[in-house]
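Asker: Can you keep this structure in mind? I'll have questions shortly.
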Amino acid sequence: MIDVDRLKNLIPLNTLDSSNLERLAKRLKLEKFGAGEIICQEGGTDPETIYLLSGKLQLSSTGTTMKRYLDAGTEDARYAVVDMPPRPYTVTAEGDVEIIRVGNYELDRAVMLDEVTTTITEITSDRSKELGGNTDWLSEMVASETFSKLPPQKLASLLMKLEAFPVKSGEVVVRQNDPGEYFYIIKQGRFNVSRKDERGKVEILNELREGSVFGEESLVSGTPRNANIVAMTDGLLLRLSRADFNELLRDPMLTYVTASEAASMVRAGAAILDVRNEREYSQGALKGSINIPVFNLREKLPTLDINRRYILSCQTGAQSEVAAFLLSQRGFDVCILKGGLRAVSRAR
């Protein structure tokens, strides 16, 4: 872990409160270089912000014969040596130097988390008791794909809507086949996920901890819960009603395109992902589409290209909405064929 005191003057790290700065420091690694060693090359595309902590650096570019120098401890050294790619120059150590690299995404999330936690301290005392204290859960939550696309204002609105829900060890929070009414965030405690098959055999699927979320799939699809969630310890959940979930989380993550827009996107390299079951798909589908039923999406994720855009299709668009939410949570760029295949058929 990097000594937090070495980060306090760096911009924008100096804007973070002590707990958030310490949390970030735990994830950083001090790097040391000797004279003549190259720290990064001009034109490089690595997504990291580099700060100088000690020593002296040379900054050179093929566009000019002039060289710049940066000394640790100066006002200029409070700012990043380089941040967004591509790198504008080659950075070389003039002597023994120490640097840190902060992933650009991680830095953005740290600043966002700080804005959110500041908001928490400004809300009423009753809500502060529910949401304040240890904010490790909040750090994990904000870092998840589910919340990564939400601006701070939207995230703050979501936090204001959350309802505290204490649970006891052994308590069933979500019961398989029950209707879904809430989306949950774990603030404290541990929970297991299990599913009972048709023969009555129970299988433990996963364990959830602070910052984990659950309950979204049933809310998006309108179908019953597909698993049991049971508290392994006493804990505290924060829950969001179906209406608030749709307004604050579900709807912002769904993007719709018309058939003509989809065709243009396919010509530009996008793929059509048909999320109906195999029987429905075999009875007629869009040319060149890939078939992965929505209930198989999780296990088939490794077969999808995270760098490719996907247009989701089904009969009416309802199954596509479930798939879009699940894929968006995991960082995929997706959109939904508006009105589904029925709309395409009517347009022909």
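Labels for the structure tokens follow display order: chains A, B, ..., residues from 1 in each chain, ligands from 1.
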Write out as a PDB file with C-alpha atoms, in the first residue's frame each polymer residue whose atoms come within 12 Å of A:Leu7, counting only C-alpha atoms; drop sequence neighbours fewer than 2 positions from it.
Answerer:
```pdb
ATOM      1  CA  MET A   1       0.000   0.000   0.000  1.00  0.00           C
ATOM      2  CA  ILE A   2       1.211   3.482  -0.886  1.00  0.00           C
ATOM      3  CA  ASP A   3       1.642   5.931   2.011  1.00  0.00           C
ATOM      4  CA  VAL A   4      -1.485   8.084   1.842  1.00  0.00           C
ATOM      5  CA  ASP A   5       0.526  11.209   2.742  1.00  0.00           C
ATOM      6  CA  ASN A   9      -1.061  16.842  -2.857  1.00  0.00           C
ATOM      7  CA  LEU A  10      -1.763  15.152  -6.170  1.00  0.00           C
ATOM      8  CA  ILE A  11      -4.579  16.557  -8.316  1.00  0.00           C
ATOM      9  CA  PRO A  12      -7.422  15.453  -8.290  1.00  0.00           C
ATOM     10  CA  LEU A  13      -6.559  12.939  -5.544  1.00  0.00           C
ATOM     11  CA  ASN A  14      -6.322  15.849  -3.109  1.00  0.00           C
ATOM     12  CA  THR A  15     -10.093  16.299  -3.418  1.00  0.00           C
ATOM     13  CA  LEU A  16     -10.863  12.842  -1.986  1.00  0.00           C
ATOM     14  CA  ASP A  17     -11.727  12.470   1.682  1.00  0.00           C
ATOM     15  CA  SER A  18      -9.319  10.454   3.834  1.00  0.00           C
ATOM     16  CA  ASN A  20     -11.694   7.192  -0.020  1.00  0.00           C
ATOM     17  CA  LEU A  21      -8.061   8.183  -0.553  1.00  0.00           C
ATOM     18  CA  GLU A  22      -6.926   5.359   1.724  1.00  0.00           C
ATOM     19  CA  ARG A  23      -9.145   2.913  -0.161  1.00  0.00           C
ATOM     20  CA  LEU A  24      -7.559   3.974  -3.445  1.00  0.00           C
ATOM     21  CA  ALA A  25      -4.042   3.823  -1.961  1.00  0.00           C
ATOM     22  CA  LYS A  26      -4.525   0.145  -1.095  1.00  0.00           C
ATOM     23  CA  LEU A  28      -1.834   1.300  -5.965  1.00  0.00           C
ATOM     24  CA  LEU A  30       4.900   2.088  -6.121  1.00  0.00           C
ATOM     25  CA  TYR A  51       2.185  10.620 -11.253  1.00  0.00           C
ATOM     26  CA  LEU A  52       5.801  11.380 -10.266  1.00  0.00           C
ATOM     27  CA  LEU A  53       6.510  10.916  -6.536  1.00  0.00           C
ATOM     28  CA  SER A  54      10.302  11.313  -6.437  1.00  0.00           C
ATOM     29  CA  GLY A  73       7.836  18.181  -5.357  1.00  0.00           C
ATOM     30  CA  ALA A  77       4.383  17.542 -10.390  1.00  0.00           C
ATOM     31  CA  ARG A  78       1.098  17.772  -8.510  1.00  0.00           C
ATOM     32  CA  TYR A  79      -0.580  17.087 -11.841  1.00  0.00           C
ATOM     33  CA  ALA A  80      -0.383  13.873 -13.841  1.00  0.00           C
ATOM     34  CA  ILE A  99       5.970   6.782  -9.826  1.00  0.00           C
ATOM     35  CA  ILE A 100       2.451   5.456  -9.411  1.00  0.00           C
ATOM     36  CA  ARG A 101      -0.038   4.535 -12.117  1.00  0.00           C
ATOM     37  CA  VAL A 102      -3.760   4.951 -11.539  1.00  0.00           C
TER      38      VAL A 102
END
```
Asker: Can you tell me, as a list in words, what residues are no more than 12 Å from A:Asn228 when counting only C-alpha atoms, ignoring any on the same chain fewer than 3 positions away?
Answerer: Gly170, Glu171, Val172, Val173, Val174, Arg175, Gln176, Asn177, Asp178, Gly180, Phe191, Asn192, Val193, Ser194, Arg195, Lys196, Asp197, Val202, Glu203, Ile204, Leu205, Asn206, Glu207, Phe214, Gly215, Pro224, Arg225 and Ala231 of chain A
Asker: Could you pull the residues within 9 Å of A:Glu163, counting only C-alpha atoms, minus those fewer than 4 positions along the same chain, as a PyMOL selection string?
Answerer: chain A and resi 130+159+237-241
Asker: Between A:Arg276, A:Ser221, A:Tyr89, A:Arg209, single out the one closest to A:Thr65, counting only C-alpha atoms.
Answerer: A:Tyr89
Asker: Looking only at the backbone, which of the residues in stretch 100-304 of chain A does DSSP tag as strand (DSSP E or B), as number ranges by chain?
Answerer: A: 100-103, 163-167, 172-174, 182-188, 191-196, 202-208, 213-214, 228-231, 235-241, 256-257, 271-274, 290-291
Asker: Return the single residue from A:Leu249, A:Leu312, A:Met265, A:Ile306 that is closest to A:Lys161, with distances computed using only C-alpha atoms.
Answerer: A:Leu249
